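Containing CSV, C-alpha atoms: work-v2.csv.
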chain,number,residue,atom,x,y,z
A,1,MET,CA,64.7,-95.5,17.7
A,2,GLY,CA,63.3,-99.1,17.7
A,3,THR,CA,64.4,-101.7,15.2
A,4,ASN,CA,61.0,-101.6,13.4
A,5,GLU,CA,61.0,-97.8,13.1
A,6,ILE,CA,62.3,-95.8,10.1
A,7,THR,CA,62.9,-92.2,9.6
A,8,ARG,CA,61.2,-90.1,7.0
A,9,ARG,CA,64.4,-89.9,4.9
A,10,ASP,CA,64.8,-93.7,5.1
A,11,ALA,CA,61.2,-94.3,4.0
A,12,MET,CA,61.6,-92.0,1.0
A,13,MET,CA,64.8,-93.8,0.0
A,14,LEU,CA,63.0,-97.2,0.3
A,15,ILE,CA,60.1,-96.0,-1.8
A,16,ALA,CA,62.4,-94.7,-4.5
A,17,ALA,CA,64.3,-97.9,-4.6
A,18,ALA,CA,61.0,-99.9,-4.9
A,19,GLY,CA,59.8,-97.7,-7.8
A,20,GLY,CA,57.2,-96.0,-5.6
A,21,ALA,CA,55.4,-99.2,-4.8
A,22,ALA,CA,56.1,-99.5,-1.1
A,23,VAL,CA,53.3,-99.5,1.5
A,24,LEU,CA,54.3,-97.4,4.5
A,25,GLY,CA,53.5,-98.3,8.1
A,26,THR,CA,51.9,-95.8,10.4
A,27,ASN,CA,55.1,-95.1,12.2
A,28,SER,CA,56.8,-93.5,9.1
A,29,LEU,CA,54.7,-90.9,7.2
A,30,ASP,CA,51.3,-89.5,7.6
A,31,ALA,CA,48.6,-90.5,5.1
A,32,GLY,CA,49.0,-87.4,3.0
A,33,ASP,CA,52.7,-87.8,2.7
A,34,ALA,CA,52.3,-91.5,1.9
A,35,ARG,CA,50.0,-90.8,-0.9
A,36,GLU,CA,52.4,-88.3,-2.4
A,37,ALA,CA,55.4,-90.5,-1.8
A,38,THR,CA,53.9,-93.6,-3.5
A,39,LYS,CA,53.0,-91.8,-6.7
A,40,PRO,CA,54.8,-93.5,-9.6
A,41,VAL,CA,58.1,-91.8,-10.2
A,42,ALA,CA,59.1,-91.4,-13.9
A,43,THR,CA,62.6,-92.6,-14.7
A,44,ARG,CA,64.5,-90.3,-17.1
A,45,GLN,CA,64.5,-92.0,-20.5
A,46,PRO,CA,67.3,-91.8,-23.0
A,47,VAL,CA,66.9,-90.6,-26.6
A,48,ILE,CA,67.7,-93.0,-29.4
A,49,PHE,CA,68.3,-92.8,-33.2
A,50,VAL,CA,67.7,-96.1,-35.0
A,51,PRO,CA,68.2,-97.2,-38.6
A,52,HIS,CA,64.8,-98.7,-39.5
A,53,GLY,CA,65.8,-100.8,-42.5
A,54,GLY,CA,63.9,-101.0,-45.7
A,55,GLY,CA,60.2,-101.6,-46.2
A,56,PRO,CA,58.6,-104.5,-44.3
A,57,TRP,CA,62.1,-106.2,-44.0
A,58,PRO,CA,61.8,-108.5,-41.0
A,59,PHE,CA,58.3,-109.8,-41.7
A,60,VAL,CA,58.3,-110.3,-45.5
A,61,ASP,CA,61.1,-111.4,-47.8
A,62,THR,CA,61.9,-108.1,-49.5
A,63,GLY,CA,64.3,-109.6,-52.0
A,64,PHE,CA,67.0,-107.1,-51.2
A,65,ILE,CA,67.9,-107.8,-47.5
A,66,SER,CA,69.7,-111.0,-46.8
A,67,ALA,CA,68.7,-113.4,-44.0
A,68,ARG,CA,72.0,-112.6,-42.3
A,69,ASP,CA,71.3,-108.8,-42.3
A,70,VAL,CA,67.7,-109.4,-41.2
A,71,GLU,CA,68.9,-111.3,-38.1
A,72,ILE,CA,71.6,-108.7,-37.3
A,73,MET,CA,69.1,-105.9,-37.3
A,74,ARG,CA,66.3,-107.9,-35.7
A,75,ALA,CA,68.5,-108.7,-32.7
A,76,TYR,CA,69.2,-105.0,-32.2
A,77,PHE,CA,65.5,-104.1,-32.1
A,78,VAL,CA,64.5,-107.0,-30.0
A,79,ASP,CA,67.2,-106.1,-27.5
A,80,LEU,CA,66.4,-102.4,-27.5
A,81,PRO,CA,63.9,-102.3,-24.5
A,82,LYS,CA,66.5,-104.1,-22.4
A,83,GLN,CA,68.8,-101.1,-22.8
A,84,LEU,CA,66.3,-98.7,-21.1
A,85,PRO,CA,66.5,-97.8,-17.4
A,86,ALA,CA,62.7,-98.5,-17.1
A,87,ALA,CA,59.8,-99.4,-19.3
A,88,PRO,CA,58.7,-96.2,-21.1
A,89,LYS,CA,55.3,-94.7,-20.4
A,90,ALA,CA,55.0,-93.8,-24.0
A,91,LEU,CA,56.9,-93.5,-27.3
A,92,LEU,CA,57.3,-90.4,-29.3
A,93,VAL,CA,58.7,-91.3,-32.8
A,94,VAL,CA,60.1,-88.9,-35.3
A,95,SER,CA,60.1,-90.8,-38.6
A,96,ALA,CA,61.9,-90.0,-41.8
A,97,HIS,CA,58.7,-90.9,-43.6
A,98,TRP,CA,56.5,-87.9,-42.5
A,99,GLU,CA,57.2,-84.3,-43.5
A,100,GLU,CA,54.8,-81.3,-43.1
A,101,ASP,CA,55.1,-77.6,-43.5
A,102,LEU,CA,55.0,-77.4,-39.7
A,103,PRO,CA,56.0,-80.0,-37.1
A,104,THR,CA,52.8,-82.0,-36.9
A,105,VAL,CA,51.8,-84.4,-34.2
A,106,MET,CA,49.3,-87.3,-34.5
A,107,THR,CA,46.4,-87.1,-32.1
A,108,SER,CA,44.3,-90.2,-32.9
A,109,PRO,CA,43.7,-92.4,-29.8
A,110,ASN,CA,43.9,-95.5,-32.2
A,111,PRO,CA,46.3,-94.7,-35.1
A,112,PRO,CA,45.8,-96.9,-38.2
A,113,ILE,CA,48.6,-98.5,-40.1
A,114,LEU,CA,49.9,-96.6,-43.1
A,115,TYR,CA,51.4,-99.0,-45.6
A,116,ASP,CA,53.7,-96.4,-47.2
A,117,TYR,CA,55.7,-98.8,-49.3
A,118,GLY,CA,55.0,-100.6,-52.6
A,119,GLY,CA,56.0,-103.5,-54.7
A,120,PHE,CA,56.0,-106.2,-51.9
A,121,PRO,CA,54.0,-109.4,-51.6
A,122,PRO,CA,50.4,-109.1,-50.3
A,123,GLU,CA,51.3,-110.1,-46.7
A,124,ALA,CA,53.3,-106.9,-46.4
A,125,TYR,CA,49.9,-105.1,-46.4
A,126,THR,CA,48.4,-107.1,-43.6
A,127,ILE,CA,51.0,-106.4,-40.9
A,128,GLN,CA,49.5,-105.1,-37.8
A,129,TRP,CA,50.8,-103.2,-34.8
A,130,PRO,CA,47.8,-101.8,-32.9
A,131,ALA,CA,49.6,-99.7,-30.4
A,132,PRO,CA,47.3,-97.1,-28.8
A,133,GLY,CA,47.8,-93.4,-29.5
A,134,ASN,CA,48.1,-90.9,-26.7
A,135,PRO,CA,46.2,-87.6,-27.3
A,136,ALA,CA,47.4,-86.2,-23.9
A,137,LEU,CA,51.0,-86.7,-24.9
A,138,ALA,CA,50.2,-85.1,-28.3
A,139,GLU,CA,48.8,-82.1,-26.5
A,140,ARG,CA,51.9,-82.0,-24.3
A,141,VAL,CA,54.2,-82.0,-27.4
A,142,VAL,CA,52.2,-79.1,-28.9
A,143,GLN,CA,52.5,-77.2,-25.5
A,144,LEU,CA,56.3,-77.7,-25.4
A,145,LEU,CA,56.9,-76.7,-29.0
A,146,ASN,CA,54.7,-73.7,-28.7
A,147,GLY,CA,56.4,-72.7,-25.5
A,148,ALA,CA,59.7,-72.6,-27.5
A,149,ASP,CA,58.0,-70.4,-30.2
A,150,ILE,CA,57.9,-73.3,-32.6
A,151,ALA,CA,54.6,-73.3,-34.5
A,152,THR,CA,52.9,-76.7,-34.7
A,153,ALA,CA,49.9,-78.5,-36.2
A,154,THR,CA,48.0,-81.7,-35.4
A,155,ASP,CA,46.7,-84.5,-37.5
A,156,ALA,CA,43.8,-86.7,-36.2
A,157,ARG,CA,43.9,-89.2,-39.1
A,158,ARG,CA,47.6,-89.9,-39.5
A,159,GLY,CA,48.6,-93.5,-39.0
A,160,PHE,CA,51.9,-95.2,-38.1
A,161,ASP,CA,54.2,-95.3,-41.1
A,162,HIS,CA,56.8,-98.1,-41.7
A,163,GLY,CA,59.4,-96.1,-39.8
A,164,THR,CA,57.4,-96.8,-36.7
A,165,PHE,CA,55.3,-100.0,-37.0
A,166,ILE,CA,58.0,-102.1,-38.6
A,167,PRO,CA,61.0,-101.7,-36.3
A,168,PHE,CA,59.1,-101.2,-33.1
A,169,LYS,CA,56.9,-104.2,-33.7
A,170,LEU,CA,60.1,-106.1,-33.0
A,171,SER,CA,60.8,-104.1,-29.8
A,172,TRP,CA,57.3,-104.0,-28.4
A,173,PRO,CA,55.5,-106.9,-30.1
A,174,ASN,CA,52.5,-106.7,-27.8
A,175,ALA,CA,51.9,-103.1,-29.0
A,176,ASP,CA,51.1,-102.2,-25.4
A,177,VAL,CA,53.0,-98.9,-25.1
A,178,PRO,CA,51.1,-95.8,-26.2
A,179,THR,CA,52.8,-94.3,-29.2
A,180,ILE,CA,52.6,-91.1,-31.3
A,181,GLN,CA,54.5,-89.7,-34.2
A,182,LEU,CA,55.9,-86.2,-34.8
A,183,SER,CA,56.6,-85.1,-38.3
A,184,LEU,CA,59.8,-83.6,-39.7
A,185,LYS,CA,59.5,-79.9,-40.8
A,186,ALA,CA,59.6,-79.2,-44.5
A,187,GLY,CA,62.9,-77.6,-45.6
A,188,LEU,CA,64.8,-80.1,-43.4
A,189,ASP,CA,66.9,-77.5,-41.7
A,190,PRO,CA,69.2,-79.2,-39.2
A,191,ALA,CA,69.2,-76.3,-36.7
A,192,GLU,CA,65.4,-76.2,-36.7
A,193,HIS,CA,65.2,-79.9,-35.9
A,194,ILE,CA,67.8,-79.7,-33.1
A,195,ALA,CA,65.7,-76.9,-31.7
A,196,ILE,CA,62.6,-79.1,-31.9
A,197,GLY,CA,64.5,-81.8,-29.9
A,198,ARG,CA,65.6,-79.3,-27.3
A,199,ALA,CA,62.0,-78.2,-26.8
A,200,LEU,CA,60.9,-81.8,-26.3
A,201,ALA,CA,63.6,-82.8,-23.8
A,202,PRO,CA,61.4,-82.4,-20.7
A,203,LEU,CA,59.4,-85.4,-21.9
A,204,ARG,CA,62.4,-87.6,-21.0
A,205,ASP,CA,61.7,-86.9,-17.3
A,206,GLU,CA,58.1,-87.7,-17.8
A,207,GLY,CA,58.8,-91.3,-18.8
A,208,VAL,CA,58.6,-90.7,-22.6
A,209,LEU,CA,61.1,-92.4,-24.9
A,210,ILE,CA,62.0,-90.2,-27.9
A,211,LEU,CA,63.0,-92.2,-30.9
A,212,GLY,CA,64.4,-90.9,-34.2
A,213,SER,CA,63.7,-93.4,-36.9
A,214,GLY,CA,65.7,-93.0,-40.1
A,215,MET,CA,68.9,-94.3,-41.6
A,216,SER,CA,72.5,-93.2,-41.1
A,217,TYR,CA,73.0,-94.0,-44.9
A,218,HIS,CA,70.2,-93.6,-47.4
A,219,ASN,CA,71.1,-93.6,-51.1
A,220,MET,CA,68.8,-96.0,-52.9
A,221,ARG,CA,71.3,-96.3,-55.8
A,222,GLY,CA,74.0,-97.2,-53.4
A,223,PHE,CA,71.9,-99.9,-51.9
A,224,ARG,CA,70.9,-101.4,-55.2
A,225,SER,CA,74.2,-101.1,-57.1
A,226,GLY,CA,76.4,-102.5,-54.4
A,227,ASN,CA,78.7,-99.6,-54.8
A,228,GLY,CA,77.7,-97.8,-51.6
A,229,GLN,CA,80.0,-99.6,-49.2
A,230,SER,CA,83.1,-97.4,-49.4
A,231,THR,CA,81.0,-94.2,-49.4
A,232,SER,CA,79.0,-95.3,-46.4
A,233,ILE,CA,82.1,-96.2,-44.4
A,234,VAL,CA,83.6,-92.8,-45.0
A,235,PHE,CA,80.4,-91.0,-44.0
A,236,ASP,CA,79.7,-93.2,-41.1
A,237,ASP,CA,83.2,-92.7,-39.6
A,238,TRP,CA,82.4,-88.9,-39.7
A,239,LEU,CA,78.9,-89.4,-38.3
A,240,VAL,CA,80.2,-91.5,-35.4
A,241,ALA,CA,82.7,-88.8,-34.5
A,242,ALA,CA,80.0,-86.0,-34.9
A,243,ALA,CA,77.2,-87.8,-33.0
A,244,THR,CA,79.4,-88.7,-30.1
A,245,ALA,CA,81.3,-85.4,-29.8
A,246,ALA,CA,80.9,-83.0,-26.8
A,247,PRO,CA,77.4,-81.3,-27.0
A,248,GLU,CA,78.5,-78.0,-28.4
A,249,ALA,CA,80.7,-79.5,-31.0
A,250,ARG,CA,78.1,-82.1,-31.8
A,251,THR,CA,75.5,-79.4,-32.5
A,252,GLN,CA,77.9,-77.5,-34.8
A,253,LYS,CA,79.0,-80.6,-36.7
A,254,LEU,CA,75.4,-81.9,-37.3
A,255,CYS,CA,74.3,-78.5,-38.4
A,256,GLU,CA,77.1,-78.5,-40.9
A,257,TRP,CA,76.7,-82.1,-42.0
A,258,GLU,CA,76.7,-81.3,-45.7
A,259,ALA,CA,80.4,-80.5,-45.4
A,260,ALA,CA,81.2,-84.0,-44.2
A,261,PRO,CA,83.1,-86.3,-46.6
A,262,GLU,CA,80.7,-88.2,-48.9
A,263,ALA,CA,77.7,-86.4,-47.3
A,264,ARG,CA,75.6,-86.1,-50.4
A,265,ASN,CA,76.6,-89.5,-51.7
A,266,ALA,CA,75.4,-90.9,-48.4
A,267,HIS,CA,72.2,-88.7,-48.3
A,268,PRO,CA,71.2,-87.3,-51.7
A,269,ARG,CA,68.2,-86.1,-49.7
A,270,GLU,CA,68.5,-85.8,-45.9
A,271,GLU,CA,65.1,-86.8,-44.6
A,272,HIS,CA,66.5,-90.1,-43.2
A,273,LEU,CA,69.3,-88.2,-41.3
A,274,LEU,CA,67.1,-85.5,-39.8
A,275,PRO,CA,65.5,-87.6,-37.0
A,276,LEU,CA,69.1,-87.8,-35.6
A,277,MET,CA,69.0,-84.0,-35.3
A,278,VAL,CA,65.9,-84.1,-33.2
A,279,VAL,CA,67.4,-86.8,-31.0
A,280,ALA,CA,70.7,-84.8,-30.6
A,281,GLY,CA,68.7,-81.8,-29.6
A,282,ALA,CA,66.7,-83.7,-27.0
A,283,ALA,CA,70.0,-85.2,-25.7
A,284,GLY,CA,71.0,-82.0,-24.0
A,285,ASP,CA,74.4,-82.4,-22.4
A,286,ASP,CA,74.2,-86.2,-22.4
A,287,PRO,CA,77.1,-87.9,-24.2
A,288,GLY,CA,76.4,-90.0,-27.2
A,289,ARG,CA,77.4,-93.6,-27.8
A,290,VAL,CA,77.1,-96.0,-30.7
A,291,THR,CA,74.7,-98.8,-29.9
A,292,PHE,CA,74.7,-100.5,-33.3
A,293,ARG,CA,77.1,-100.5,-36.1
A,294,ALA,CA,77.2,-103.1,-38.9
A,295,ASP,CA,77.5,-103.7,-42.6
A,296,CYS,CA,73.9,-104.4,-43.7
A,297,MET,CA,72.2,-104.1,-47.1
A,298,GLY,CA,75.7,-103.6,-48.6
A,299,VAL,CA,76.5,-100.5,-46.6
A,300,ARG,CA,77.6,-99.4,-43.1
A,301,ILE,CA,74.8,-98.3,-40.8
A,302,SER,CA,74.8,-97.1,-37.2
A,303,ALA,CA,72.5,-96.2,-34.3
A,304,TYR,CA,73.1,-93.8,-31.4
A,305,GLN,CA,71.8,-93.4,-27.9
A,306,TYR,CA,72.1,-90.5,-25.4
A,307,GLY,CA,71.5,-91.0,-21.7
Could I get this file's structure written as structure tokens?
Amino acid sequence: MGTNEITRRDAMMLIAAAGGAAVLGTNSLDAGDAREATKPVATRQPVIFVPHGGGPWPFVDTGFISARDVEIMRAYFVDLPKQLPAAPKALLVVSAHWEEDLPTVMTSPNPPILYDYGGFPPEAYTIQWPAPGNPALAERVVQLLNGADIATATDARRGFDHGTFIPFKLSWPNADVPTIQLSLKAGLDPAEHIAIGRALAPLRDEGVLILGSGMSYHNMRGFRSGNGQSTSIVFDDWLVAAATAAPEARTQKLCEWEAAPEARNAHPREEHLLPLMVVAGAAGDDPGRVTFRADCMGVRISAYQYG
């Protein structure tokens, strides 16, 4: 074989290494094979649970989050895209701030902003993050959930709530990644949300980044009183062990989270914990790791990534 010739196997390896962007010479593959080989190849995305903070925290002085805490959390979200193996083709966000009787997916091609908070300065209600929606991805979500015998619904008017547009405005400030949200299911059953995540796992191989947006601790009295620190540390120690356990043990522990020490003191209502259940379900057999853990807003909070 001459020095300028490559085998079919070598060509395919070169294409994969170049992200599918190589142009092949006439000595390697025929035209049909070249077209097939140069199609963009989706890189498997991880799944991530993030603590999204409170209200419009990085963009407006909330009065209850210190400048130090803002910078600690801001740094995490700004750095988040750098932790991915490739730029995601789209984001699927499960936010603590949307619950429906059935898991419901937004279908608008241009989702509006839903200012679902109150009591902040006027500038909190002018924040924009005009990420496009993705009706095709919404249809794919419905297909996957229905295929797992999980009944679903759609919403063409739903906008991005602050569990999405606030933190991910930091991560993708250009709002150039198509994004949709999926609601929690009323009743907040952990096993149901883990099953939802399992059904959505194929999206990871299609270049979709699944994000659970909630809080590892969410007791408003604890935040405001300053008495939540000790409770949050006890619960967070348990949560770290549960979320990073082997897959089977992880599922069992998360399904039984109410038995954890200080569970109901950390989450009087569990809507901010349930996005983690979806993420853990979509994780499959991937091990979990802590990607953020800090004392912010007077309590211990943490983030988790799988894959």
Could you give me, as a list in words, the residues within 9 Å of A:Pro58, counting only C-alpha atoms and dropping anything in the same chain fewer than 5 positions from it? Gly53, Ile65, Ala67, Val70, Glu71, Met73, Arg74, Ile166, Pro167 and Leu170 of chain A
A:Glu262: which residues within 9 Å, counting only C-alpha atoms, same-chain residues fewer than 6 positions away excluded, as a PDB file with C-alpha atoms, keeping the file's coordinate frame?
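As written to disk, part.pdb reads:
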ATOM      1  CA  THR A 231      81.000 -94.200 -49.400  1.00  0.00           C
ATOM      2  CA  SER A 232      79.000 -95.300 -46.400  1.00  0.00           C
ATOM      3  CA  VAL A 234      83.600 -92.800 -45.000  1.00  0.00           C
ATOM      4  CA  PHE A 235      80.400 -91.000 -44.000  1.00  0.00           C
TER       5      PHE A 235
END
Taking into account all atoms listed in the file, which residue in the set A:Gly207, A:Pro275, A:Gly288, A:Pro88 is nearest to A:Leu184?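 Comparing A:Gly207, A:Pro275, A:Gly288, A:Pro88 against A:Leu184, the winner is A:Pro275.
Take atom CA of A:Ala249 and atom CA of A:Ala191: the distance between them is 13.2 Å.
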Within 12 Å of A:Leu80, counting all atoms listed in the file, which residues show up once you throw out same-chain ones fewer than 3 positions away? Write them as JSON, numbers by chain, please. {"A": [46, 47, 48, 49, 50, 73, 74, 75, 76, 77, 83, 84, 85, 86, 87, 88, 167, 168, 169, 170, 171, 172, 209, 211, 291, 292, 303, 304, 305]}
Pull C-alpha atoms from the residues just selected and write them as a compact mmCIF listing (two decimals), in the frame of the given file.
# COMPACT_ATOMS: atom_id res chain seq x y z
CA PRO A 46 67.30 -91.80 -23.00
CA VAL A 47 66.90 -90.60 -26.60
CA ILE A 48 67.70 -93.00 -29.40
CA PHE A 49 68.30 -92.80 -33.20
CA VAL A 50 67.70 -96.10 -35.00
CA MET A 73 69.10 -105.90 -37.30
CA ARG A 74 66.30 -107.90 -35.70
CA ALA A 75 68.50 -108.70 -32.70
CA TYR A 76 69.20 -105.00 -32.20
CA PHE A 77 65.50 -104.10 -32.10
CA GLN A 83 68.80 -101.10 -22.80
CA LEU A 84 66.30 -98.70 -21.10
CA PRO A 85 66.50 -97.80 -17.40
CA ALA A 86 62.70 -98.50 -17.10
CA ALA A 87 59.80 -99.40 -19.30
CA PRO A 88 58.70 -96.20 -21.10
CA PRO A 167 61.00 -101.70 -36.30
CA PHE A 168 59.10 -101.20 -33.10
CA LYS A 169 56.90 -104.20 -33.70
CA LEU A 170 60.10 -106.10 -33.00
CA SER A 171 60.80 -104.10 -29.80
CA TRP A 172 57.30 -104.00 -28.40
CA LEU A 209 61.10 -92.40 -24.90
CA LEU A 211 63.00 -92.20 -30.90
CA THR A 291 74.70 -98.80 -29.90
CA PHE A 292 74.70 -100.50 -33.30
CA ALA A 303 72.50 -96.20 -34.30
CA TYR A 304 73.10 -93.80 -31.40
CA GLN A 305 71.80 -93.40 -27.90
Go through A:Arg140, A:Met106, A:Asp285, A:Phe59 and flag the residue nearest A:Pro122, using only C-alpha atoms for the distances.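 Closest residue, counting only C-alpha atoms: A:Phe59.
We find atom CA of A:Ala138 and atom CA of A:Thr152 to be spaced 10.9 Å apart.
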Ranking A:Pro261, A:Pro247, A:Gly197, A:Gly119 by minimum distance to A:Val279 and counting only C-alpha atoms, which one comes first?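 Using only C-alpha atoms, the shortest distance to A:Val279 belongs to A:Gly197.
Using all atoms listed in the file, the shortest contact distance between A:Leu102 and any of A:Asp161, A:Asp155, A:Asp286, A:Asp237 is found at A:Asp155.
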Enumerate, in order of chain and increasing residue number, the residues of stretch 30-121 of chain A with an atom no farther than 10 Å from stretch 265-274 of chain A, each with its shortest atom pair and distance in Å to one decimal, counting all atoms listed in the file, as CSV.
residue,atom,partner,partner_atom,distance
A:Phe49,CA,A:Leu273,CA,9.4
A:Pro51,CA,A:His272,CA,8.6
A:His52,CA,A:His272,CA,9.5
A:Val94,CA,A:Leu274,CA,9.0
A:Ser95,CA,A:His272,CA,7.9
A:Ala96,CA,A:His272,CA,4.8
A:His97,CA,A:Glu271,CA,7.7
A:Trp98,CA,A:Glu271,CA,8.9
A:Glu99,CA,A:Glu271,CA,8.4
Using all atoms listed in the file, which residue out of A:Leu203, A:Val93, A:Ala131, A:Ala186 lies closest to A:Gln143? A:Leu203
Which residues come within 9 Å of A:Ile127, counting only C-alpha atoms, excluding same-chain residues fewer than 3 positions away, as a ChimeraX atom specification? /A:56,59,113,115,123-124,165-166
Missing atoms in stretch 278-290 of chain A: fill them in up to N, CA and C atoms and send the result as an mmCIF file, in the coordinates of the input.
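Here's the written file rebuild_25.cif:
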data_model
loop_
_atom_site.group_PDB
_atom_site.id
_atom_site.type_symbol
_atom_site.label_atom_id
_atom_site.label_comp_id
_atom_site.auth_asym_id
_atom_site.auth_seq_id
_atom_site.Cartn_x
_atom_site.Cartn_y
_atom_site.Cartn_z
ATOM 1 N N VAL A 278 66.855 -84.258 -34.268
ATOM 2 C CA VAL A 278 65.900 -84.100 -33.200
ATOM 3 C C VAL A 278 66.383 -84.827 -31.930
ATOM 4 N N VAL A 279 66.880 -86.031 -32.122
ATOM 5 C CA VAL A 279 67.400 -86.800 -31.000
ATOM 6 C C VAL A 279 68.590 -86.081 -30.346
ATOM 7 N N ALA A 280 69.499 -85.555 -31.150
ATOM 8 C CA ALA A 280 70.700 -84.800 -30.600
ATOM 9 C C ALA A 280 70.239 -83.607 -29.836
ATOM 10 N N GLY A 281 69.190 -82.915 -30.305
ATOM 11 C CA GLY A 281 68.700 -81.800 -29.600
ATOM 12 C C GLY A 281 68.102 -82.151 -28.232
ATOM 13 N N ALA A 282 67.340 -83.245 -28.213
ATOM 14 C CA ALA A 282 66.700 -83.700 -27.000
ATOM 15 C C ALA A 282 67.746 -84.295 -25.999
ATOM 16 N N ALA A 283 68.943 -84.620 -26.517
ATOM 17 C CA ALA A 283 70.000 -85.200 -25.700
ATOM 18 C C ALA A 283 70.530 -84.242 -24.645
ATOM 19 N N GLY A 284 70.448 -82.944 -24.931
ATOM 20 C CA GLY A 284 71.000 -82.000 -24.000
ATOM 21 C C GLY A 284 72.507 -82.163 -23.864
ATOM 22 N N ASP A 285 72.970 -82.264 -22.635
ATOM 23 C CA ASP A 285 74.400 -82.400 -22.400
ATOM 24 C C ASP A 285 74.812 -83.892 -22.258
ATOM 25 N N ASP A 286 73.883 -84.814 -22.481
ATOM 26 C CA ASP A 286 74.200 -86.200 -22.400
ATOM 27 C C ASP A 286 75.210 -86.634 -23.459
ATOM 28 N N PRO A 287 76.221 -87.399 -23.123
ATOM 29 C CA PRO A 287 77.100 -87.900 -24.200
ATOM 30 C C PRO A 287 76.450 -88.942 -25.020
ATOM 31 N N GLY A 288 76.909 -89.050 -26.240
ATOM 32 C CA GLY A 288 76.400 -90.000 -27.200
ATOM 33 C C GLY A 288 77.242 -91.261 -27.245
ATOM 34 N N ARG A 289 76.620 -92.381 -27.586
ATOM 35 C CA ARG A 289 77.400 -93.600 -27.800
ATOM 36 C C ARG A 289 76.752 -94.393 -28.946
ATOM 37 N N VAL A 290 77.582 -95.149 -29.609
ATOM 38 C CA VAL A 290 77.100 -96.000 -30.700
ATOM 39 C C VAL A 290 76.558 -97.279 -30.096
#
